[in-house]
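Trainee: Okay, so here is coords-v9.cif, and as you'll see once you scroll down, it has mmCIF, C-alpha atoms.
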```
data_entry
#
loop_
_atom_site.label_atom_id
_atom_site.label_comp_id
_atom_site.auth_asym_id
_atom_site.auth_seq_id
_atom_site.Cartn_x
_atom_site.Cartn_y
_atom_site.Cartn_z
CA MET F 35 0.00 0.00 0.00
CA ARG F 36 1.03 3.53 -0.67
CA TYR F 37 -0.04 6.38 1.58
CA ALA F 38 -0.90 9.90 0.48
CA ALA F 39 -2.00 12.89 2.54
CA PRO F 40 -3.42 15.52 0.18
CA THR F 41 -4.07 19.01 1.52
CA THR F 42 -6.86 20.01 -0.91
CA THR F 43 -10.00 18.25 -2.12
CA ASP F 44 -8.81 18.63 -5.73
CA GLU F 45 -5.56 16.88 -4.90
CA ALA F 46 -7.51 14.11 -3.17
CA LEU F 47 -9.83 13.70 -6.16
CA GLU F 48 -6.84 13.50 -8.51
CA LEU F 49 -5.27 10.78 -6.35
CA LEU F 50 -8.53 8.82 -6.36
CA ARG F 51 -8.76 9.21 -10.14
CA SER F 52 -5.18 8.04 -10.57
CA ASP F 53 -5.78 4.71 -8.86
CA PRO F 54 -9.09 2.83 -9.06
CA ASP F 55 -7.95 0.68 -6.14
CA SER F 56 -7.61 3.64 -3.78
CA GLN F 57 -9.40 4.09 -0.48
CA VAL F 58 -10.02 7.27 1.49
CA PHE F 59 -9.86 7.20 5.26
CA ALA F 60 -10.09 9.48 8.27
CA GLY F 61 -9.46 7.67 11.55
CA ALA F 62 -8.88 4.18 10.11
CA THR F 63 -10.45 2.75 13.27
CA ASP F 64 -12.58 0.44 11.14
CA LEU F 65 -10.29 0.20 8.11
CA ILE F 66 -7.22 -1.20 9.90
CA PRO F 67 -9.11 -3.91 11.83
CA GLN F 68 -10.90 -4.86 8.58
CA ILE F 69 -7.58 -5.20 6.72
CA ARG F 70 -6.20 -7.25 9.59
CA ALA F 71 -9.27 -9.47 9.36
CA GLY F 72 -8.62 -10.17 5.70
CA ARG F 73 -10.25 -7.34 3.72
CA PRO F 74 -8.14 -6.83 0.59
CA GLU F 75 -5.66 -4.01 0.98
CA PRO F 76 -6.22 -1.01 -1.27
CA SER F 77 -3.17 -0.09 -3.29
CA LEU F 78 -3.44 3.58 -2.30
CA LEU F 79 -4.59 5.01 1.03
CA VAL F 80 -5.75 8.61 0.88
CA ASP F 81 -5.66 10.27 4.29
CA LEU F 82 -8.25 13.08 4.31
CA LYS F 83 -7.29 14.64 7.65
CA ARG F 84 -4.79 17.15 6.22
CA ILE F 85 -7.48 18.84 4.13
CA GLU F 86 -8.63 21.85 6.11
CA ARG F 87 -12.33 21.61 5.25
CA LEU F 88 -12.43 18.00 6.35
CA VAL F 89 -11.49 18.89 9.92
CA ALA F 90 -13.06 22.35 10.29
CA VAL F 91 -16.11 23.11 12.44
CA SER F 92 -17.97 26.38 12.02
CA HIS F 93 -21.34 27.92 12.84
CA ASP F 94 -22.48 30.78 10.59
CA ASN F 95 -25.85 32.15 9.53
CA GLY F 96 -27.85 29.45 11.23
CA THR F 97 -25.89 26.51 9.84
CA TRP F 98 -23.28 24.27 11.39
CA THR F 99 -20.59 22.98 9.04
CA VAL F 100 -18.69 20.00 10.39
CA GLY F 101 -15.75 18.52 8.49
CA ALA F 102 -16.35 14.86 7.73
CA ALA F 103 -13.03 13.79 9.29
CA THR F 104 -13.40 15.93 12.43
CA PRO F 105 -12.61 13.76 15.47
CA THR F 106 -15.79 13.13 17.44
CA SER F 107 -13.91 14.16 20.60
CA ALA F 108 -13.76 17.69 19.16
CA LEU F 109 -17.56 17.71 18.85
CA THR F 110 -18.36 16.40 22.33
CA ALA F 111 -15.89 18.95 23.73
CA ASN F 112 -17.61 21.78 21.81
CA ALA F 113 -20.06 23.23 24.34
CA GLU F 114 -22.00 25.31 21.81
CA PHE F 115 -22.44 22.36 19.48
CA SER F 116 -23.36 19.96 22.29
CA SER F 117 -25.93 22.41 23.62
CA ALA F 118 -27.54 22.78 20.18
CA PHE F 119 -27.54 19.03 19.43
CA PRO F 120 -27.28 17.17 22.76
CA GLY F 121 -28.46 13.85 21.32
CA LEU F 122 -26.15 14.01 18.32
CA SER F 123 -23.27 14.96 20.60
CA GLU F 124 -24.00 11.99 22.87
CA ALA F 125 -24.30 9.60 19.95
CA SER F 126 -20.96 10.84 18.60
CA GLY F 127 -19.37 10.37 22.01
CA LEU F 128 -20.45 6.74 22.17
CA ILE F 129 -18.17 5.66 19.33
CA GLY F 130 -15.50 3.74 21.21
CA SER F 131 -12.99 4.69 23.88
CA ASP F 132 -11.23 8.02 24.33
CA GLN F 133 -8.48 6.61 22.11
CA ILE F 134 -11.03 5.93 19.35
CA GLN F 135 -12.83 9.24 19.96
CA ASN F 136 -9.68 11.11 18.93
CA ARG F 137 -9.87 9.38 15.52
CA SER F 138 -13.51 8.54 14.85
CA SER F 139 -15.53 10.87 12.63
CA TRP F 140 -19.01 11.24 11.18
CA GLY F 141 -17.71 10.67 7.67
CA GLY F 142 -16.01 7.45 8.69
CA ASN F 143 -18.83 6.26 10.92
CA LEU F 144 -21.37 6.80 8.15
CA CYS F 145 -19.31 5.51 5.20
CA ASN F 146 -18.15 2.39 7.04
CA ALA F 147 -21.87 1.69 6.77
CA SER F 148 -22.29 -0.52 9.80
CA PRO F 149 -25.99 -0.89 10.66
CA ALA F 150 -24.97 -0.15 14.26
CA ALA F 151 -23.16 3.17 13.59
CA ASP F 152 -24.10 5.36 16.55
CA SER F 153 -23.90 8.73 14.85
CA ALA F 154 -26.10 7.73 11.89
CA PRO F 155 -29.60 7.76 13.48
CA ALA F 156 -28.81 11.04 15.26
CA LEU F 157 -27.52 12.68 12.07
CA ILE F 158 -30.63 11.54 10.21
CA VAL F 159 -33.21 12.85 12.71
CA ASN F 160 -31.39 16.19 12.63
CA ASP F 161 -31.70 16.34 8.82
CA ALA F 162 -27.94 16.43 8.32
CA ARG F 163 -26.78 16.89 4.72
CA ALA F 164 -23.49 15.65 3.35
CA VAL F 165 -21.44 17.75 0.94
CA ILE F 166 -19.76 15.29 -1.39
CA ALA F 167 -16.70 15.86 -3.56
CA GLY F 168 -16.55 14.10 -6.90
CA ALA F 169 -15.05 14.34 -10.35
CA SER F 170 -17.87 16.54 -11.61
CA GLY F 171 -17.83 18.94 -8.68
CA GLU F 172 -19.58 19.07 -5.33
CA ARG F 173 -23.06 17.76 -4.62
CA THR F 174 -25.19 17.64 -1.49
CA ALA F 175 -27.16 14.63 -0.32
CA ALA F 176 -29.19 13.87 2.76
CA ALA F 177 -27.20 11.90 5.35
CA ALA F 178 -30.13 9.48 5.27
CA ASP F 179 -29.34 8.68 1.63
CA ILE F 180 -25.67 7.77 2.07
CA VAL F 181 -25.88 4.26 3.48
CA THR F 182 -27.64 1.72 1.24
CA GLY F 183 -26.81 -1.50 3.09
CA PRO F 184 -24.21 -3.09 5.36
CA GLY F 185 -20.85 -1.85 4.06
CA GLU F 186 -22.55 -0.22 1.07
CA THR F 187 -22.99 3.48 0.29
CA SER F 188 -24.47 5.57 -2.49
CA LEU F 189 -21.13 7.31 -3.06
CA ALA F 190 -19.75 6.76 -6.55
CA ALA F 191 -16.17 5.62 -7.07
CA GLY F 192 -13.84 8.53 -6.42
CA GLU F 193 -16.35 10.45 -4.29
CA PHE F 194 -15.92 11.32 -0.63
CA ILE F 195 -17.80 13.38 1.94
CA ILE F 196 -16.18 16.76 2.62
CA GLU F 197 -18.43 18.04 5.38
CA PHE F 198 -21.84 17.84 6.96
CA LEU F 199 -24.37 20.68 7.18
CA LEU F 200 -26.86 21.03 10.03
CA ASP F 201 -29.36 23.83 10.37
CA ASP F 202 -29.85 25.33 13.80
CA PRO F 203 -32.61 23.39 15.54
CA PRO F 204 -35.96 25.24 15.48
CA ALA F 205 -36.96 27.05 18.68
CA GLY F 206 -38.50 24.72 21.23
CA SER F 207 -36.83 21.61 19.87
CA SER F 208 -34.21 19.15 20.99
CA ASP F 209 -32.93 15.63 20.39
CA ALA F 210 -31.84 12.50 22.21
CA TYR F 211 -30.03 9.27 21.38
CA LEU F 212 -30.08 6.11 23.46
CA ARG F 213 -28.39 2.83 22.77
CA LEU F 214 -28.39 -0.50 24.51
CA ILE F 215 -25.15 -2.40 24.97
CA PRO F 216 -24.46 -5.21 27.43
CA ARG F 217 -21.94 -3.08 29.37
CA THR F 218 -21.62 0.61 30.15
CA GLU F 219 -18.85 1.51 27.68
CA MET F 220 -16.98 0.27 24.65
CA ASP F 221 -19.42 -1.94 22.82
CA ILE F 222 -21.46 -2.03 19.63
CA ALA F 223 -25.14 -1.13 19.75
CA VAL F 224 -27.71 -3.90 20.12
CA VAL F 225 -30.26 -1.18 19.38
CA GLY F 226 -29.89 2.59 18.98
CA ALA F 227 -32.78 5.08 18.96
CA ALA F 228 -32.67 8.76 18.02
CA VAL F 229 -35.53 11.24 18.41
CA GLN F 230 -35.68 14.89 17.42
CA LEU F 231 -38.84 16.83 18.20
CA THR F 232 -40.21 20.34 18.31
CA LEU F 233 -42.72 21.48 20.91
CA ASP F 234 -45.47 24.02 20.48
CA GLY F 235 -46.49 24.78 24.04
CA ASP F 236 -47.35 21.46 25.70
CA ARG F 237 -47.83 19.64 22.45
CA VAL F 238 -45.38 18.08 20.04
CA ALA F 239 -45.49 20.01 16.77
CA SER F 240 -43.35 17.54 14.85
CA ALA F 241 -41.02 14.65 15.54
CA LYS F 242 -38.49 12.43 13.82
CA VAL F 243 -37.62 8.96 15.05
CA ALA F 244 -34.83 6.73 13.69
CA LEU F 245 -33.50 3.37 14.83
CA GLY F 246 -30.05 1.83 14.39
CA ALA F 247 -28.82 -1.80 14.54
CA VAL F 248 -32.29 -3.22 13.88
CA ALA F 249 -32.18 -3.42 10.07
CA PRO F 250 -29.60 -3.35 7.25
CA THR F 251 -29.73 0.46 7.35
CA VAL F 252 -31.06 3.05 9.78
CA VAL F 253 -34.87 2.99 9.71
CA ARG F 254 -37.14 5.97 10.18
CA VAL F 255 -40.34 5.23 12.09
CA PRO F 256 -43.18 7.22 10.46
CA GLY F 257 -45.75 5.55 12.72
CA ALA F 258 -44.00 6.82 15.84
CA GLU F 259 -43.54 10.27 14.29
CA ALA F 260 -47.26 10.47 13.49
CA ALA F 261 -48.19 9.32 17.00
CA LEU F 262 -45.97 11.99 18.56
CA ALA F 263 -47.18 14.86 16.35
CA GLY F 264 -49.91 16.80 18.14
CA SER F 265 -49.59 14.75 21.31
CA THR F 266 -48.69 15.71 24.85
CA LEU F 267 -46.57 12.58 25.21
CA ASP F 268 -49.30 10.92 27.23
CA ASP F 269 -49.18 7.22 28.00
CA ASP F 270 -51.23 6.21 24.97
CA THR F 271 -48.90 8.13 22.67
CA LEU F 272 -45.80 6.59 24.23
CA ALA F 273 -47.32 3.11 23.89
CA ALA F 274 -48.00 3.86 20.21
CA VAL F 275 -44.40 5.08 19.76
CA SER F 276 -43.09 1.84 21.25
CA ALA F 277 -45.36 -0.34 19.14
CA ALA F 278 -44.46 1.50 15.94
CA ALA F 279 -40.74 1.31 16.72
CA SER F 280 -40.92 -2.43 17.40
CA ASP F 281 -42.86 -2.94 14.17
CA ALA F 282 -40.35 -0.96 12.12
CA CYS F 283 -37.51 -3.31 13.03
CA ASN F 284 -36.15 -5.86 10.60
CA PRO F 285 -33.33 -7.17 12.75
CA ILE F 286 -31.01 -10.16 12.66
CA ASP F 287 -30.37 -12.74 15.34
CA ASP F 288 -26.77 -12.61 16.45
CA LYS F 289 -24.61 -12.85 19.53
CA ARG F 290 -25.63 -9.34 20.58
CA GLY F 291 -29.35 -10.01 20.63
CA THR F 292 -32.21 -12.01 19.22
CA ILE F 293 -34.79 -10.63 16.81
CA GLN F 294 -37.44 -10.61 19.53
CA TYR F 295 -35.15 -8.88 22.02
CA ARG F 296 -34.14 -6.21 19.53
CA ARG F 297 -37.78 -5.47 18.67
CA GLN F 298 -38.68 -5.15 22.33
CA VAL F 299 -35.70 -2.94 23.16
CA ALA F 300 -36.29 -0.69 20.14
CA GLY F 301 -39.75 0.11 21.46
CA VAL F 302 -38.45 0.91 24.92
CA LEU F 303 -35.56 3.08 23.69
CA ALA F 304 -37.71 5.03 21.20
CA ARG F 305 -40.18 5.88 23.95
CA ARG F 306 -37.47 6.93 26.40
CA ALA F 307 -35.59 8.95 23.78
CA ALA F 308 -38.81 10.81 22.94
CA GLN F 309 -39.31 11.64 26.61
CA ILE F 310 -35.74 12.88 26.99
CA ALA F 311 -35.93 14.96 23.81
CA ALA F 312 -39.19 16.52 25.03
CA GLN F 313 -37.73 17.27 28.44
CA ARG F 314 -34.78 18.98 26.79
CA ALA F 315 -37.04 20.87 24.38
CA ARG F 316 -39.09 22.21 27.29
CA SER F 317 -35.98 23.85 28.67
CA GLN F 318 -35.36 25.59 25.33
CA PRO F 319 -36.98 28.93 24.51
CA THR F 320 -40.17 28.25 22.53
CA GLN F 321 -39.96 31.35 20.39
CA GLY F 322 -37.85 34.27 19.38
CA ASN F 323 -34.38 32.77 18.88
CA SER F 324 -34.71 31.55 15.35
CA MET E 204 0.56 -9.47 1.65
CA PRO E 205 3.35 -9.36 -0.91
CA ARG E 206 4.91 -5.98 -1.25
CA THR E 207 4.78 -4.69 -4.76
CA HIS E 208 7.64 -2.29 -4.28
CA ALA E 209 10.18 -1.45 -1.65
CA LEU E 210 9.36 2.24 -1.41
CA ARG E 211 10.01 3.63 2.00
CA THR E 212 8.69 6.90 3.27
CA GLN E 213 10.64 9.22 5.51
CA VAL E 214 8.70 10.39 8.55
CA GLN E 215 9.80 13.27 10.75
CA CYS E 216 8.18 13.87 14.11
CA THR E 217 8.92 14.54 17.76
CA VAL E 218 8.96 11.54 20.06
CA ASN E 219 9.32 12.02 23.81
CA GLY E 220 10.74 15.48 23.20
CA ASP E 221 13.34 14.43 20.66
CA GLU E 222 13.19 15.26 16.96
CA VAL E 223 13.38 11.97 15.13
CA ASP E 224 13.11 10.73 11.60
CA PHE E 225 12.73 7.21 10.37
CA LEU E 226 12.03 5.29 7.19
CA CYS E 227 9.09 2.94 6.89
CA ALA E 228 6.91 1.17 4.38
CA ASP E 229 3.66 3.11 4.00
CA GLU E 230 1.49 0.37 5.46
CA THR E 231 3.59 0.11 8.63
CA SER E 232 1.59 0.80 11.74
CA LEU E 233 2.88 3.55 13.98
CA LEU E 234 3.04 0.86 16.69
CA ASN E 235 5.53 -1.18 14.67
CA ALA E 236 7.52 1.90 13.64
CA LEU E 237 7.88 3.01 17.27
CA ARG E 238 8.97 -0.45 18.35
CA ASP E 239 11.09 -1.57 15.41
CA GLU E 240 12.53 1.67 14.03
CA LEU E 241 12.86 3.65 17.26
CA GLY E 242 13.25 0.84 19.81
CA LEU E 243 10.40 2.07 21.98
CA THR E 244 9.18 -1.33 23.08
CA GLY E 245 7.12 0.10 25.92
CA VAL E 246 4.42 0.46 23.29
CA LYS E 247 2.75 -2.97 23.41
CA GLU E 248 0.64 -4.77 20.87
CA GLY E 249 -2.33 -6.43 22.50
CA CYS E 250 -5.24 -6.84 20.11
CA GLY E 251 -4.01 -4.83 17.13
CA THR E 252 -7.55 -3.58 16.52
CA GLY E 253 -7.94 -0.66 18.93
CA ASP E 254 -9.87 -2.52 21.59
CA CYS E 255 -7.31 -3.10 24.36
CA GLY E 256 -5.34 0.14 24.63
CA ALA E 257 -1.98 -1.56 25.31
CA CYS E 258 -0.44 0.58 22.55
CA THR E 259 -1.83 3.86 23.91
CA ILE E 260 0.35 6.86 23.10
CA LEU E 261 -0.27 10.59 23.08
CA VAL E 262 -0.34 12.25 19.67
CA ASP E 263 -0.29 16.01 20.07
CA GLY E 264 -1.46 15.49 23.64
CA LYS E 265 -4.39 13.20 22.78
CA VAL E 266 -4.65 9.49 23.54
CA ASN E 267 -4.48 7.30 20.47
CA CYS E 268 -3.97 3.62 19.73
CA ALA E 269 -0.65 3.35 17.88
CA CYS E 270 -1.93 0.16 16.21
CA LEU E 271 -4.68 2.17 14.48
CA MET E 272 -2.34 4.69 12.89
CA PHE E 273 -0.26 4.30 9.79
CA ALA E 274 3.26 5.44 10.58
CA PRO E 275 3.31 8.13 7.85
CA GLU E 276 0.37 9.80 9.59
CA ALA E 277 2.77 10.79 12.38
CA GLU E 278 4.56 13.29 10.11
CA GLY E 279 4.97 16.58 11.98
CA SER E 280 3.27 15.40 15.14
CA SER E 281 4.47 15.25 18.72
CA ILE E 282 4.31 11.81 20.29
CA LEU E 283 4.65 10.69 23.88
CA THR E 284 5.18 7.05 24.81
CA VAL E 285 5.58 5.54 28.25
CA GLU E 286 9.35 5.96 27.85
CA GLY E 287 8.85 9.73 27.94
CA ILE E 288 6.82 9.93 31.14
CA ALA E 289 9.64 9.82 33.71
CA GLN E 290 11.88 12.84 34.23
CA GLY E 291 15.32 11.27 33.79
CA ASP E 292 15.74 8.82 36.68
CA GLU E 293 12.75 10.21 38.54
CA LEU E 294 9.60 8.24 37.96
CA HIS E 295 6.36 10.07 37.25
CA PRO E 296 4.05 9.93 40.30
CA LEU E 297 1.77 7.57 38.34
CA GLN E 298 4.64 5.14 37.79
CA GLN E 299 5.53 5.35 41.49
CA THR E 300 1.96 4.79 42.70
CA PHE E 301 1.46 1.88 40.25
CA LEU E 302 4.58 0.29 41.76
CA GLU E 303 3.69 0.98 45.36
CA GLY E 304 0.07 -0.07 44.91
CA ALA E 305 0.97 -3.22 42.97
CA ALA E 306 -1.30 -2.00 40.19
CA LEU E 307 0.16 -4.48 37.75
CA GLN E 308 0.90 -8.15 37.43
CA CYS E 309 2.11 -9.23 34.01
CA GLY E 310 2.62 -5.60 33.03
CA VAL E 311 1.71 -5.76 29.36
CA CYS E 312 -1.20 -3.35 29.76
CA THR E 313 0.70 -1.05 32.14
CA PRO E 314 2.37 1.31 29.63
CA GLY E 315 -0.98 1.99 27.99
CA PHE E 316 -2.65 2.58 31.34
CA LEU E 317 0.12 4.96 32.41
CA VAL E 318 -0.12 7.02 29.24
CA ALA E 319 -3.94 7.14 29.34
CA ALA E 320 -3.89 8.06 33.04
CA LYS E 321 -1.33 10.79 32.41
CA ALA E 322 -3.54 12.22 29.66
CA LEU E 323 -6.45 12.25 32.10
CA LEU E 324 -4.50 13.96 34.89
CA ASP E 325 -3.04 16.49 32.45
CA GLU E 326 -6.61 17.58 31.62
CA ASN E 327 -8.33 16.95 34.95
CA SER E 328 -6.10 17.14 38.00
CA ASP E 329 -8.76 15.94 40.42
CA PRO E 330 -10.92 13.33 38.67
CA THR E 331 -13.66 11.39 40.40
CA GLU E 332 -13.51 7.60 40.44
CA THR E 333 -16.21 7.53 37.74
CA GLU E 334 -14.21 9.92 35.57
CA ILE E 335 -11.12 7.74 35.99
CA ARG E 336 -13.04 4.59 35.07
CA TYR E 337 -14.47 6.21 31.94
CA ALA E 338 -11.10 7.69 30.94
CA LEU E 339 -9.50 4.25 31.24
CA ALA E 340 -12.36 2.34 29.60
CA GLY E 341 -10.26 1.95 26.47
CA ASN E 342 -7.56 0.09 28.36
CA LEU E 343 -8.04 -3.56 29.22
CA CYS E 344 -6.27 -5.46 31.99
CA ARG E 345 -6.74 -9.21 32.16
CA CYS E 346 -4.87 -10.01 35.39
CA THR E 347 -4.67 -7.25 37.99
CA GLY E 348 -8.25 -6.18 37.83
CA TYR E 349 -9.04 -2.51 37.76
CA ASP E 350 -9.41 -1.47 41.39
CA LYS E 351 -5.71 -1.24 42.16
CA ILE E 352 -5.18 0.71 38.97
CA ILE E 353 -7.93 3.17 39.89
CA ARG E 354 -6.47 3.58 43.40
CA ALA E 355 -3.01 4.22 41.96
CA VAL E 356 -4.37 6.96 39.68
CA GLN E 357 -6.26 8.53 42.61
CA GLU E 358 -3.10 8.48 44.75
CA ALA E 359 -1.02 10.00 41.96
CA ALA E 360 -3.60 12.78 41.59
CA VAL E 361 -3.35 13.52 45.31
CA GLN E 362 0.45 13.65 45.10
CA LEU E 363 0.44 15.83 42.00
CA ASN E 364 -2.06 18.23 43.57
CA GLY E 365 -0.01 18.34 46.81
CA ALA E 366 3.12 19.14 44.83
CA SER E 367 1.43 21.98 42.99
CA LYS E 368 0.19 23.70 46.18
#
```
What would you get if you wrote out this structure as structure tokens?

Mentor:
Amino acid sequence: MRYAAPTTTDEALELLRSDPDSQVFAGATDLIPQIRAGRPEPSLLVDLKRIERLVAVSHDNGTWTVGAATPTSALTANAEFSSAFPGLSEASGLIGSDQIQNRSSWGGNLCNASPAADSAPALIVNDARAVIAGASGERTAAAADIVTGPGETSLAAGEFIIEFLLDDPPAGSSDAYLRLIPRTEMDIAVVGAAVQLTLDGDRVASAKVALGAVAPTVVRVPGAEAALAGSTLDDDTLAAVSAAASDACNPIDDKRGTIQYRRQVAGVLARRAAQIAAQRARSQPTQGNS
Amino acid sequence: MPRTHALRTQVQCTVNGDEVDFLCADETSLLNALRDELGLTGVKEGCGTGDCGACTILVDGKVNCACLMFAPEAEGSSILTVEGIAQGDELHPLQQTFLEGAALQCGVCTPGFLVAAKALLDENSDPTETEIRYALAGNLCRCTGYDKIIRAVQEAAVQLNGASK
């Protein structure tokens, strides 16, 4: 393998064009273990971390721009970001140990395309968009449209994500992410559940619910979103959220959990995440800051 | 994997305060470069996949697994390994409290624990037990158990705070 560390996106694109067997990477926290486990080595490794846009975080005119290779530790340590997106910050902080946190990134977590990627459901409920570099220029796609299956993405050969865009959350809104693992740290999600919702007084104006690790890709739960909209998060609503979340699952049986267990847990986590998001939203100003 | 060519890349960085440069094949892990090119065998390989933390080093002050870095990525960075923790012949308080508290048995995980604990104390001079346990969650020990390690970090924090007053 050869290693290259371009400092501009154009240079990176040229490297990718020059070698069809090239592979971009940010933290390599998935890539290196996969190569050690027998994945064929690429002939050219393109390290994206020396490109300024890939590791820059900014907040201007109501939009956050987060470089796709930004270490997740830089996001959890960013008080303004974590206050705006507490659930997304928590999800990002769950990717591995402190050692991993200094290398893991949204771009890597998403493009590795594990069904259990912790940041993916939280990015999706926050309507994150990915700015993608490619031979014919830049394009923007919803984060929800990047992963198409385990290990599979919609990115064309030679494309890579430069940065993610997130609009400021609407007034009176917040998010939450919960995951179940058998221990308290350092494991892969059995189920992950992300909820983003906006309150209008005591009622939920709108909500987004997404589940991880229960299907080949992250699944949105329209039934739970419809149940939440207009509700006061009463018991009947929360029961409907749980039922819809369990129904939306298409999980596998594996050593981390059975199909039945994953369905059950998805319902519980979706309900709890909705309650946490609502509690957080209530402490946000309901008008006047957007 | 057969190597298709014998190209070697020159890497310049700072390791334990010294400017160094070494040559390596591009796919070399930083772990292997530190051990084989620079003789820093305090950096241990446990799992090789970033789970155990035995190869924990500081890169620009941040904990990293040396097994999860390609050596050329170290270009221009400042690296600290366990060999750089002591001041000459004087052990770092963490090294002393690990010794006095018998916070090791086989010792393979110890360098990684020492580096991760130093990173914690550099950022948080008075951590709670919970903070210590979370900060060391990326380091696995299969023989001592964790309690003695936690106590040693707590004692080192007390000593460091006493020395700074």

Trainee: For chain F against chain E, which residues fall within 9 Å using all atoms listed in the file, given as a list in words?

Mentor: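 The selection requested is Met35, Arg36, Tyr37, Ala38, Ala39, Gly61, Ala62, Thr63, Asp64, Leu65, Ile66, Pro67, Gln68, Arg70, Glu75, Leu79, Asp81, Gly130, Ser131, Asp132, Gln133, Ile134, Gln135, Asn136, Arg137, Glu219 and Met220 of chain F.
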
Trainee: Grab the atom CA of F:Asn112 to atom CA of F:Ile195 distance for me, in Å with one decimal place.

Mentor: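 Atom-to-atom, atom CA of F:Asn112 to atom CA of F:Ile195, that is 21.6 Å.
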
Trainee: F:Arg306: which residues within 12 Å, counting only C-alpha atoms, same-chain residues fewer than 4 positions away excluded, as JSON, numbers by chain?

Mentor: {"F": [209, 210, 211, 212, 213, 214, 226, 227, 228, 229, 243, 267, 269, 272, 273, 275, 276, 279, 299, 300, 301, 302, 310, 311, 312, 313]}

Trainee: Just how far from atom CA of E:Phe301 is atom CA of E:Pro330, in Å to one decimal?

Mentor: 16.9 Å

Trainee: If I put a ball of radius 9 Å at (-13.4, 18.5, 3.3) in the file's coordinates, which residues poke into it when counting only C-alpha atoms, written as an MDAnalysis selection string?

Mentor: chainID F and resid 42:43 82:83 85:90 100:103 165:167 194:197

Trainee: Keeping C-alpha atoms, export the residues of the selection given above as a PDB file, in the coordinates of the input.

Mentor:
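Saved to part.pdb:
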```
ATOM      1  CA  THR F  42      -6.860  20.010  -0.910  1.00  0.00           C
ATOM      2  CA  THR F  43     -10.000  18.250  -2.120  1.00  0.00           C
ATOM      3  CA  LEU F  82      -8.250  13.080   4.310  1.00  0.00           C
ATOM      4  CA  LYS F  83      -7.290  14.640   7.650  1.00  0.00           C
ATOM      5  CA  ILE F  85      -7.480  18.840   4.130  1.00  0.00           C
ATOM      6  CA  GLU F  86      -8.630  21.850   6.110  1.00  0.00           C
ATOM      7  CA  ARG F  87     -12.330  21.610   5.250  1.00  0.00           C
ATOM      8  CA  LEU F  88     -12.430  18.000   6.350  1.00  0.00           C
ATOM      9  CA  VAL F  89     -11.490  18.890   9.920  1.00  0.00           C
ATOM     10  CA  ALA F  90     -13.060  22.350  10.290  1.00  0.00           C
ATOM     11  CA  VAL F 100     -18.690  20.000  10.390  1.00  0.00           C
ATOM     12  CA  GLY F 101     -15.750  18.520   8.490  1.00  0.00           C
ATOM     13  CA  ALA F 102     -16.350  14.860   7.730  1.00  0.00           C
ATOM     14  CA  ALA F 103     -13.030  13.790   9.290  1.00  0.00           C
ATOM     15  CA  VAL F 165     -21.440  17.750   0.940  1.00  0.00           C
ATOM     16  CA  ILE F 166     -19.760  15.290  -1.390  1.00  0.00           C
ATOM     17  CA  ALA F 167     -16.700  15.860  -3.560  1.00  0.00           C
ATOM     18  CA  PHE F 194     -15.920  11.320  -0.630  1.00  0.00           C
ATOM     19  CA  ILE F 195     -17.800  13.380   1.940  1.00  0.00           C
ATOM     20  CA  ILE F 196     -16.180  16.760   2.620  1.00  0.00           C
ATOM     21  CA  GLU F 197     -18.430  18.040   5.380  1.00  0.00           C
TER      22      GLU F 197
END
```

Trainee: Starting from the block above, write stretch 120-128 of chain F out to a file with N, CA and C atoms, as a PDB file, in the first residue's frame, please.

Mentor:
```pdb
ATOM      1  N   PRO F 120     -27.757  18.037  21.675  1.00  0.00           N
ATOM      2  CA  PRO F 120     -27.280  17.165  22.756  1.00  0.00           C
ATOM      3  C   PRO F 120     -27.322  15.683  22.398  1.00  0.00           C
ATOM      4  N   GLY F 121     -28.352  15.270  21.674  1.00  0.00           N
ATOM      5  CA  GLY F 121     -28.455  13.855  21.317  1.00  0.00           C
ATOM      6  C   GLY F 121     -27.396  13.444  20.306  1.00  0.00           C
ATOM      7  N   LEU F 122     -27.169  14.299  19.323  1.00  0.00           N
ATOM      8  CA  LEU F 122     -26.146  14.013  18.316  1.00  0.00           C
ATOM      9  C   LEU F 122     -24.754  14.015  18.942  1.00  0.00           C
ATOM     10  N   SER F 123     -24.554  14.920  19.897  1.00  0.00           N
ATOM     11  CA  SER F 123     -23.268  14.956  20.597  1.00  0.00           C
ATOM     12  C   SER F 123     -23.063  13.666  21.401  1.00  0.00           C
ATOM     13  N   GLU F 124     -24.122  13.237  22.092  1.00  0.00           N
ATOM     14  CA  GLU F 124     -24.001  11.993  22.873  1.00  0.00           C
ATOM     15  C   GLU F 124     -23.760  10.789  21.972  1.00  0.00           C
ATOM     16  N   ALA F 125     -24.480  10.723  20.878  1.00  0.00           N
ATOM     17  CA  ALA F 125     -24.299   9.604  19.950  1.00  0.00           C
ATOM     18  C   ALA F 125     -22.861   9.575  19.440  1.00  0.00           C
ATOM     19  N   SER F 126     -22.334  10.759  19.104  1.00  0.00           N
ATOM     20  CA  SER F 126     -20.963  10.842  18.595  1.00  0.00           C
ATOM     21  C   SER F 126     -19.967  10.392  19.655  1.00  0.00           C
ATOM     22  N   GLY F 127     -20.272  10.716  20.909  1.00  0.00           N
ATOM     23  CA  GLY F 127     -19.371  10.371  22.006  1.00  0.00           C
ATOM     24  C   GLY F 127     -19.402   8.905  22.399  1.00  0.00           C
ATOM     25  N   LEU F 128     -20.346   8.159  21.838  1.00  0.00           N
ATOM     26  CA  LEU F 128     -20.447   6.738  22.175  1.00  0.00           C
ATOM     27  C   LEU F 128     -19.604   5.856  21.264  1.00  0.00           C
TER      28      LEU F 128
END
```
